[in-house]
Number of protein chains: 2
Amino acid sequence: MAKERLRKGTAAKRVPLDLKGRIWIDGKEGTFLGYGRVILLERIQEYGSITKAARSMEMSYRHAWELVDSMNRQASRPLVESATGGRGGGGARLTEEGESAIALFRRFYEDFQAFLADEGKALSLS
Amino acid sequence: MAKERLRKGTAAKRVPLDLKGRIWIDGKEGTFLGYGRVILLERIQEYGSITKAARSMEMSYRHAWELVDSMNRQASRPLVESATGGRGGGGARLTEEGESAIALFRRFYEDFQAFLADEGKALSLS
DNA sequence: ATTCGTAATATACAACAGGGAATAACGAAA
DNA sequence: TTTCGTTATTCCCTGTTGTATATTACGAAT
């Protein structure tokens with residue numbers, strides 16, 4: 001192990017900055033797609049049920065339903081199709097539009113994470 | 001005026017996405033620097049007073065003071081120095097640390113705006 | 001017809017953020 | 001020592017957001 005090379009004089013303490021951010025996609029009525037909404041879509045895809053998706057995120061069913069309704073209203077075609085009644089009481093499933101929405105936002109989100117990482121290297125405070 | 005050239009068949013309507021986002025820099029107690037905080041710093045620099053800075057942003061003095069206090073507590077050295085009493089009743093001025101903070105966040109913010117613009121070109125929804 | 005679990009919807013409640021207003025503290029200048 | 005406008009601080013009110021809870025609607029399977 002090589003000895004650590006130390007600077008003399010005033011040590012300009014390199015403060016690592018904790019860069020944060022949130023991104024979303026707006027629609028006619030405000031937020032259309034955001035991180036939480038996309039997670040919700042993915043859970044609906046996984047469980048086939050808004051109720052189970054909400055529970056898995058520790059989110060109230062009411063809130064989850066409102067988010068789904070908001071996305072459906074703002075999309076050109078619904079992202080989630082739901083059915084009431086039937087053997088299992090009904091359920092919900094993702095449409096192709098819904099799957100596209102997930103992919104779209106995921107890419108946006110990954111690009112943003114990369115952006116934050118890059119900025120963290122470029123910026124600093126003495 | 002040339003006749004508009006129309007596509008036949010199913011017109012894949014190109015939907016321009018409205019990409020939005022917020023960025024900030026975290027500190028020990030949560031948000032350290034954000035857009036509103038930086039505007040506030042700039043106004044303090046301009047007016048030499050927290051009261052006038054707050055009014056110019058239509059922000060309550062209480063809120064402005066809390067933001068300044070939060071930034072000062074989290075910075076290694078205060079971003080704003082204030083004085084009570086005196087001829088004009090006192091006032092507030094930006095330290096060098098405060099000016100650096102503005103410059104730092106401004107750069108971060110500009111980079112982010114560029115990022116959003118770039119993403120807008122890269123992403124789309126059919 | 002009964003059962004079952006989910007969708008859909010309404011009402012009441014809790015938590016939190018921020019605004020408005022009021023007041024005390026302050027200190028240089030007159 | 002009086003004046004003045006700002007900083008510093010407290011208390012109350014309100015709007016928003018989400019939770020908790022309860023009820024109704026639904027329809028395939030039994």
# chains A, B, ... in the order shown; residues from 1 in each chain; ligands from 1

call {"tool": "interface_residues", "arguments": {"of": "chain A", "to": "chain C", "cutoff": "10 Å", "atoms": "only C-alpha atoms (C1' of nucleotides)", "output": "number ranges by chain"}}
result
A: 49-52, 62, 65, 82-92

call {"tool": "write_last_selection", "arguments": {"atoms": "N, CA and C atoms", "output": "PDB file, in the first residue's frame"}}
result
ATOM      1  N   SER A  49     -54.487  -7.132 -10.404  1.00  0.00           N
ATOM      2  CA  SER A  49     -55.500  -6.585  -9.497  1.00  0.00           C
ATOM      3  C   SER A  49     -55.018  -5.256  -8.925  1.00  0.00           C
ATOM      4  N   ILE A  50     -55.896  -4.267  -8.944  1.00  0.00           N
ATOM      5  CA  ILE A  50     -55.529  -2.974  -8.371  1.00  0.00           C
ATOM      6  C   ILE A  50     -55.406  -3.102  -6.858  1.00  0.00           C
ATOM      7  N   THR A  51     -56.299  -3.861  -6.269  1.00  0.00           N
ATOM      8  CA  THR A  51     -56.262  -4.044  -4.820  1.00  0.00           C
ATOM      9  C   THR A  51     -54.931  -4.635  -4.369  1.00  0.00           C
ATOM     10  N   LYS A  52     -54.521  -5.719  -5.025  1.00  0.00           N
ATOM     11  CA  LYS A  52     -53.271  -6.368  -4.610  1.00  0.00           C
ATOM     12  C   LYS A  52     -52.066  -5.488  -4.916  1.00  0.00           C
ATOM     13  N   ARG A  62     -57.975   3.415  -2.614  1.00  0.00           N
ATOM     14  CA  ARG A  62     -58.569   4.631  -3.145  1.00  0.00           C
ATOM     15  C   ARG A  62     -57.550   5.445  -3.934  1.00  0.00           C
ATOM     16  N   TRP A  65     -56.569   3.643  -7.136  1.00  0.00           N
ATOM     17  CA  TRP A  65     -57.632   3.732  -8.143  1.00  0.00           C
ATOM     18  C   TRP A  65     -57.640   5.112  -8.801  1.00  0.00           C
ATOM     19  N   SER A  82     -60.069  -2.814 -16.629  1.00  0.00           N
ATOM     20  CA  SER A  82     -60.505  -3.504 -15.419  1.00  0.00           C
ATOM     21  C   SER A  82     -61.870  -4.138 -15.638  1.00  0.00           C
ATOM     22  N   ALA A  83     -62.139  -5.163 -14.865  1.00  0.00           N
ATOM     23  CA  ALA A  83     -63.420  -5.862 -14.946  1.00  0.00           C
ATOM     24  C   ALA A  83     -63.948  -6.065 -13.542  1.00  0.00           C
ATOM     25  N   THR A  84     -65.237  -5.847 -13.368  1.00  0.00           N
ATOM     26  CA  THR A  84     -65.837  -6.088 -12.052  1.00  0.00           C
ATOM     27  C   THR A  84     -66.627  -7.378 -12.118  1.00  0.00           C
ATOM     28  N   GLY A  85     -66.765  -8.027 -10.969  1.00  0.00           N
ATOM     29  CA  GLY A  85     -67.515  -9.271 -10.894  1.00  0.00           C
ATOM     30  C   GLY A  85     -66.778 -10.430 -11.523  1.00  0.00           C
ATOM     31  N   GLY A  86     -67.433 -11.574 -11.528  1.00  0.00           N
ATOM     32  CA  GLY A  86     -66.794 -12.760 -12.077  1.00  0.00           C
ATOM     33  C   GLY A  86     -66.204 -13.646 -10.995  1.00  0.00           C
ATOM     34  N   ARG A  87     -65.551 -14.686 -11.421  1.00  0.00           N
ATOM     35  CA  ARG A  87     -65.050 -15.691 -10.479  1.00  0.00           C
ATOM     36  C   ARG A  87     -64.215 -15.081  -9.346  1.00  0.00           C
ATOM     37  N   GLY A  88     -63.177 -14.418  -9.732  1.00  0.00           N
ATOM     38  CA  GLY A  88     -62.286 -13.847  -8.717  1.00  0.00           C
ATOM     39  C   GLY A  88     -62.699 -12.469  -8.275  1.00  0.00           C
ATOM     40  N   GLY A  89     -63.886 -12.053  -8.627  1.00  0.00           N
ATOM     41  CA  GLY A  89     -64.338 -10.722  -8.247  1.00  0.00           C
ATOM     42  C   GLY A  89     -64.011  -9.668  -9.269  1.00  0.00           C
ATOM     43  N   GLY A  90     -63.264 -10.078 -10.266  1.00  0.00           N
ATOM     44  CA  GLY A  90     -62.865  -9.118 -11.292  1.00  0.00           C
ATOM     45  C   GLY A  90     -61.356  -9.021 -11.352  1.00  0.00           C
ATOM     46  N   GLY A  91     -60.866  -7.888 -11.764  1.00  0.00           N
ATOM     47  CA  GLY A  91     -59.418  -7.732 -11.850  1.00  0.00           C
ATOM     48  C   GLY A  91     -59.050  -6.620 -12.797  1.00  0.00           C
ATOM     49  N   ALA A  92     -57.773  -6.428 -12.948  1.00  0.00           N
ATOM     50  CA  ALA A  92     -57.284  -5.382 -13.844  1.00  0.00           C
ATOM     51  C   ALA A  92     -56.060  -5.897 -14.588  1.00  0.00           C
TER      52      ALA A  92
END

call {"tool": "closest_atom_pairs", "arguments": {"of": "chain D", "to": "chain A", "cutoff": "8 Å", "atoms": "only C-alpha atoms (C1' of nucleotides)", "output": "CSV"}}
result
residue,atom,partner,partner_atom,distance
D:DG18,C1',A:His63,CA,7.4
D:DT19,C1',A:Ser60,CA,6.9
D:DC26,C1',A:Gly85,CA,4.1
D:DG27,C1',A:Gly85,CA,4.2
D:DA28,C1',A:Gly86,CA,4.0
D:DA29,C1',A:Arg87,CA,5.9

call {"tool": "closest_atom_pairs", "arguments": {"of": "chain A", "to": "chain B", "cutoff": "12 Å", "atoms": "only C-alpha atoms", "output": "Markdown table"}}
result
| residue | atom | partner | partner_atom | distance |
| --- | --- | --- | --- | --- |
| A:Lys13 | CA | B:Ser76 | CA | 10.5 |
| A:Arg14 | CA | B:Ser76 | CA | 11.7 |
| A:Val15 | CA | B:Ser76 | CA | 9.7 |
| A:Pro16 | CA | B:Gly27 | CA | 10.4 |
| A:Leu17 | CA | B:Ile25 | CA | 6.9 |
| A:Asp18 | CA | B:Asp26 | CA | 5.2 |
| A:Leu19 | CA | B:Ile25 | CA | 4.7 |
| A:Lys20 | CA | B:Trp24 | CA | 5.3 |
| A:Gly21 | CA | B:Ile23 | CA | 4.0 |
| A:Arg22 | CA | B:Arg22 | CA | 5.3 |
| A:Ile23 | CA | B:Gly21 | CA | 4.0 |
| A:Trp24 | CA | B:Lys20 | CA | 5.3 |
| A:Ile25 | CA | B:Leu19 | CA | 4.7 |
| A:Asp26 | CA | B:Asp18 | CA | 5.2 |
| A:Gly27 | CA | B:Asp18 | CA | 7.1 |
| A:Lys28 | CA | B:Asp18 | CA | 9.7 |
| A:Glu29 | CA | B:Asp18 | CA | 11.8 |
| A:Gly30 | CA | B:Asp18 | CA | 10.0 |
| A:Thr31 | CA | B:Lys20 | CA | 9.1 |
| A:Phe32 | CA | B:Asp18 | CA | 9.4 |
| A:Leu33 | CA | B:Leu19 | CA | 9.6 |
| A:Gly34 | CA | B:Lys20 | CA | 9.8 |
| A:Tyr35 | CA | B:Gly21 | CA | 11.5 |
| A:Ala75 | CA | B:Leu125 | CA | 10.1 |
| A:Ser76 | CA | B:Ser126 | CA | 9.4 |
| A:Arg77 | CA | B:Ser126 | CA | 10.8 |
| A:Glu96 | CA | B:Ser126 | CA | 11.7 |
| A:Glu97 | CA | B:Ser126 | CA | 9.3 |
| A:Gly98 | CA | B:Leu125 | CA | 11.3 |
| A:Glu99 | CA | B:Leu125 | CA | 11.6 |
| A:Ser100 | CA | B:Leu125 | CA | 8.1 |
| A:Ala101 | CA | B:Leu125 | CA | 8.0 |
| A:Ile102 | CA | B:Leu125 | CA | 11.2 |
| A:Ala103 | CA | B:Leu125 | CA | 10.4 |
| A:Leu104 | CA | B:Leu123 | CA | 7.2 |
| A:Phe105 | CA | B:Leu123 | CA | 9.1 |
| A:Arg106 | CA | B:Leu123 | CA | 11.0 |
| A:Arg107 | CA | B:Leu123 | CA | 8.5 |
| A:Phe108 | CA | B:Glu119 | CA | 7.2 |
| A:Tyr109 | CA | B:Glu119 | CA | 10.3 |
| A:Glu110 | CA | B:Glu119 | CA | 11.2 |
| A:Asp111 | CA | B:Glu119 | CA | 8.3 |
| A:Phe112 | CA | B:Phe115 | CA | 8.1 |
| A:Gln113 | CA | B:Phe115 | CA | 11.3 |
| A:Ala114 | CA | B:Phe115 | CA | 10.6 |
| A:Phe115 | CA | B:Phe115 | CA | 7.6 |
| A:Leu116 | CA | B:Phe112 | CA | 8.9 |
| A:Ala117 | CA | B:Phe108 | CA | 11.9 |
| A:Asp118 | CA | B:Asp111 | CA | 10.5 |
| A:Glu119 | CA | B:Phe108 | CA | 7.2 |
| A:Gly120 | CA | B:Phe108 | CA | 9.4 |
| A:Lys121 | CA | B:Phe108 | CA | 11.4 |
| A:Ala122 | CA | B:Phe108 | CA | 9.2 |
| A:Leu123 | CA | B:Leu104 | CA | 7.2 |
| A:Ser124 | CA | B:Leu104 | CA | 7.7 |
| A:Leu125 | CA | B:Leu104 | CA | 7.7 |
| A:Ser126 | CA | B:Ser100 | CA | 9.1 |

call {"tool": "select_by_dssp", "arguments": {"residues": "chain A", "states": "helix (DSSP H, G or I)", "output": "number ranges by chain"}}
result
A: 35-47, 50-56, 61-74, 96-122

call {"tool": "write_last_selection", "arguments": {"atoms": "C-alpha atoms", "output": "PDB file, in the first residue's frame"}}
result
ATOM      1  CA  TYR A  35     -42.274   7.022 -10.755  1.00  0.00           C
ATOM      2  CA  GLY A  36     -44.982   5.931  -8.336  1.00  0.00           C
ATOM      3  CA  ARG A  37     -47.522   5.573 -11.126  1.00  0.00           C
ATOM      4  CA  VAL A  38     -45.185   3.399 -13.130  1.00  0.00           C
ATOM      5  CA  ILE A  39     -44.449   1.181 -10.150  1.00  0.00           C
ATOM      6  CA  LEU A  40     -48.207   0.870  -9.740  1.00  0.00           C
ATOM      7  CA  LEU A  41     -48.611  -0.131 -13.391  1.00  0.00           C
ATOM      8  CA  GLU A  42     -45.911  -2.756 -12.976  1.00  0.00           C
ATOM      9  CA  ARG A  43     -47.592  -4.174  -9.898  1.00  0.00           C
ATOM     10  CA  ILE A  44     -50.944  -4.311 -11.660  1.00  0.00           C
ATOM     11  CA  GLN A  45     -49.188  -6.178 -14.449  1.00  0.00           C
ATOM     12  CA  GLU A  46     -47.745  -8.565 -11.869  1.00  0.00           C
ATOM     13  CA  TYR A  47     -50.851  -9.176  -9.758  1.00  0.00           C
ATOM     14  CA  ILE A  50     -55.529  -2.974  -8.371  1.00  0.00           C
ATOM     15  CA  THR A  51     -56.262  -4.044  -4.820  1.00  0.00           C
ATOM     16  CA  LYS A  52     -53.271  -6.368  -4.610  1.00  0.00           C
ATOM     17  CA  ALA A  53     -51.027  -3.903  -6.415  1.00  0.00           C
ATOM     18  CA  ALA A  54     -51.964  -1.188  -3.928  1.00  0.00           C
ATOM     19  CA  ARG A  55     -51.437  -3.436  -0.925  1.00  0.00           C
ATOM     20  CA  SER A  56     -48.021  -4.501  -2.205  1.00  0.00           C
ATOM     21  CA  TYR A  61     -56.854   1.301  -2.751  1.00  0.00           C
ATOM     22  CA  ARG A  62     -58.569   4.631  -3.145  1.00  0.00           C
ATOM     23  CA  HIS A  63     -55.334   6.384  -4.009  1.00  0.00           C
ATOM     24  CA  ALA A  64     -54.286   3.626  -6.384  1.00  0.00           C
ATOM     25  CA  TRP A  65     -57.632   3.732  -8.143  1.00  0.00           C
ATOM     26  CA  GLU A  66     -57.436   7.486  -8.543  1.00  0.00           C
ATOM     27  CA  LEU A  67     -53.989   7.205 -10.090  1.00  0.00           C
ATOM     28  CA  VAL A  68     -55.156   4.568 -12.544  1.00  0.00           C
ATOM     29  CA  ASP A  69     -58.208   6.619 -13.403  1.00  0.00           C
ATOM     30  CA  SER A  70     -56.074   9.705 -13.925  1.00  0.00           C
ATOM     31  CA  MET A  71     -53.712   7.847 -16.268  1.00  0.00           C
ATOM     32  CA  ASN A  72     -56.567   6.344 -18.222  1.00  0.00           C
ATOM     33  CA  ARG A  73     -58.278   9.693 -18.648  1.00  0.00           C
ATOM     34  CA  GLN A  74     -55.135  11.350 -19.942  1.00  0.00           C
ATOM     35  CA  GLU A  96     -50.249  -2.568 -24.730  1.00  0.00           C
ATOM     36  CA  GLU A  97     -50.453   1.171 -24.235  1.00  0.00           C
ATOM     37  CA  GLY A  98     -49.721   0.565 -20.583  1.00  0.00           C
ATOM     38  CA  GLU A  99     -46.680  -1.512 -21.357  1.00  0.00           C
ATOM     39  CA  SER A 100     -45.393   1.163 -23.707  1.00  0.00           C
ATOM     40  CA  ALA A 101     -45.892   3.768 -21.025  1.00  0.00           C
ATOM     41  CA  ILE A 102     -43.783   1.771 -18.583  1.00  0.00           C
ATOM     42  CA  ALA A 103     -41.000   1.361 -21.116  1.00  0.00           C
ATOM     43  CA  LEU A 104     -41.092   5.024 -22.034  1.00  0.00           C
ATOM     44  CA  PHE A 105     -40.882   6.298 -18.506  1.00  0.00           C
ATOM     45  CA  ARG A 106     -38.284   3.724 -17.493  1.00  0.00           C
ATOM     46  CA  ARG A 107     -35.993   4.971 -20.196  1.00  0.00           C
ATOM     47  CA  PHE A 108     -36.569   8.578 -19.194  1.00  0.00           C
ATOM     48  CA  TYR A 109     -35.872   7.620 -15.596  1.00  0.00           C
ATOM     49  CA  GLU A 110     -32.669   5.730 -16.358  1.00  0.00           C
ATOM     50  CA  ASP A 111     -31.365   8.604 -18.432  1.00  0.00           C
ATOM     51  CA  PHE A 112     -32.082  10.899 -15.536  1.00  0.00           C
ATOM     52  CA  GLN A 113     -30.216   8.709 -13.060  1.00  0.00           C
ATOM     53  CA  ALA A 114     -27.241   8.771 -15.397  1.00  0.00           C
ATOM     54  CA  PHE A 115     -27.538  12.540 -15.629  1.00  0.00           C
ATOM     55  CA  LEU A 116     -27.465  12.882 -11.846  1.00  0.00           C
ATOM     56  CA  ALA A 117     -24.426  10.647 -11.588  1.00  0.00           C
ATOM     57  CA  ASP A 118     -22.585  12.665 -14.216  1.00  0.00           C
ATOM     58  CA  GLU A 119     -23.446  15.955 -12.561  1.00  0.00           C
ATOM     59  CA  GLY A 120     -22.199  14.638  -9.253  1.00  0.00           C
ATOM     60  CA  LYS A 121     -18.790  14.223 -10.816  1.00  0.00           C
ATOM     61  CA  ALA A 122     -18.845  17.625 -12.478  1.00  0.00           C
TER      62      ALA A 122
END

call {"tool": "select_by_dssp", "arguments": {"residues": "segment 22-126 of chain B", "states": "strand (DSSP E)", "output": "VMD selection string"}}
result
chain B and resid 22 to 27 30 to 34 80 to 84 90 to 94

call {"tool": "write_last_selection", "arguments": {"atoms": "C-alpha atoms", "output": "CSV table (one decimal), in the first residue's frame"}}
result
chain,number,residue,atom,x,y,z
B,22,ARG,CA,-37.5,19.2,-10.2
B,23,ILE,CA,-33.9,19.1,-8.9
B,24,TRP,CA,-32.4,20.0,-5.6
B,25,ILE,CA,-29.3,19.4,-3.4
B,26,ASP,CA,-29.8,17.6,-0.2
B,27,GLY,CA,-28.1,18.4,3.1
B,30,GLY,CA,-33.2,17.5,3.9
B,31,THR,CA,-33.3,20.1,1.1
B,32,PHE,CA,-30.3,22.3,1.2
B,33,LEU,CA,-30.5,24.1,-2.2
B,34,GLY,CA,-33.4,24.2,-4.6
B,80,VAL,CA,-26.5,34.8,4.4
B,81,GLU,CA,-25.4,37.2,7.2
B,82,SER,CA,-28.1,39.3,8.8
B,83,ALA,CA,-28.1,42.2,11.3
B,84,THR,CA,-30.9,43.5,13.4
B,90,GLY,CA,-31.0,46.0,9.9
B,91,GLY,CA,-30.7,43.9,6.8
B,92,ALA,CA,-29.2,40.8,5.2
B,93,ARG,CA,-26.4,40.2,2.8
B,94,LEU,CA,-24.9,37.3,0.9
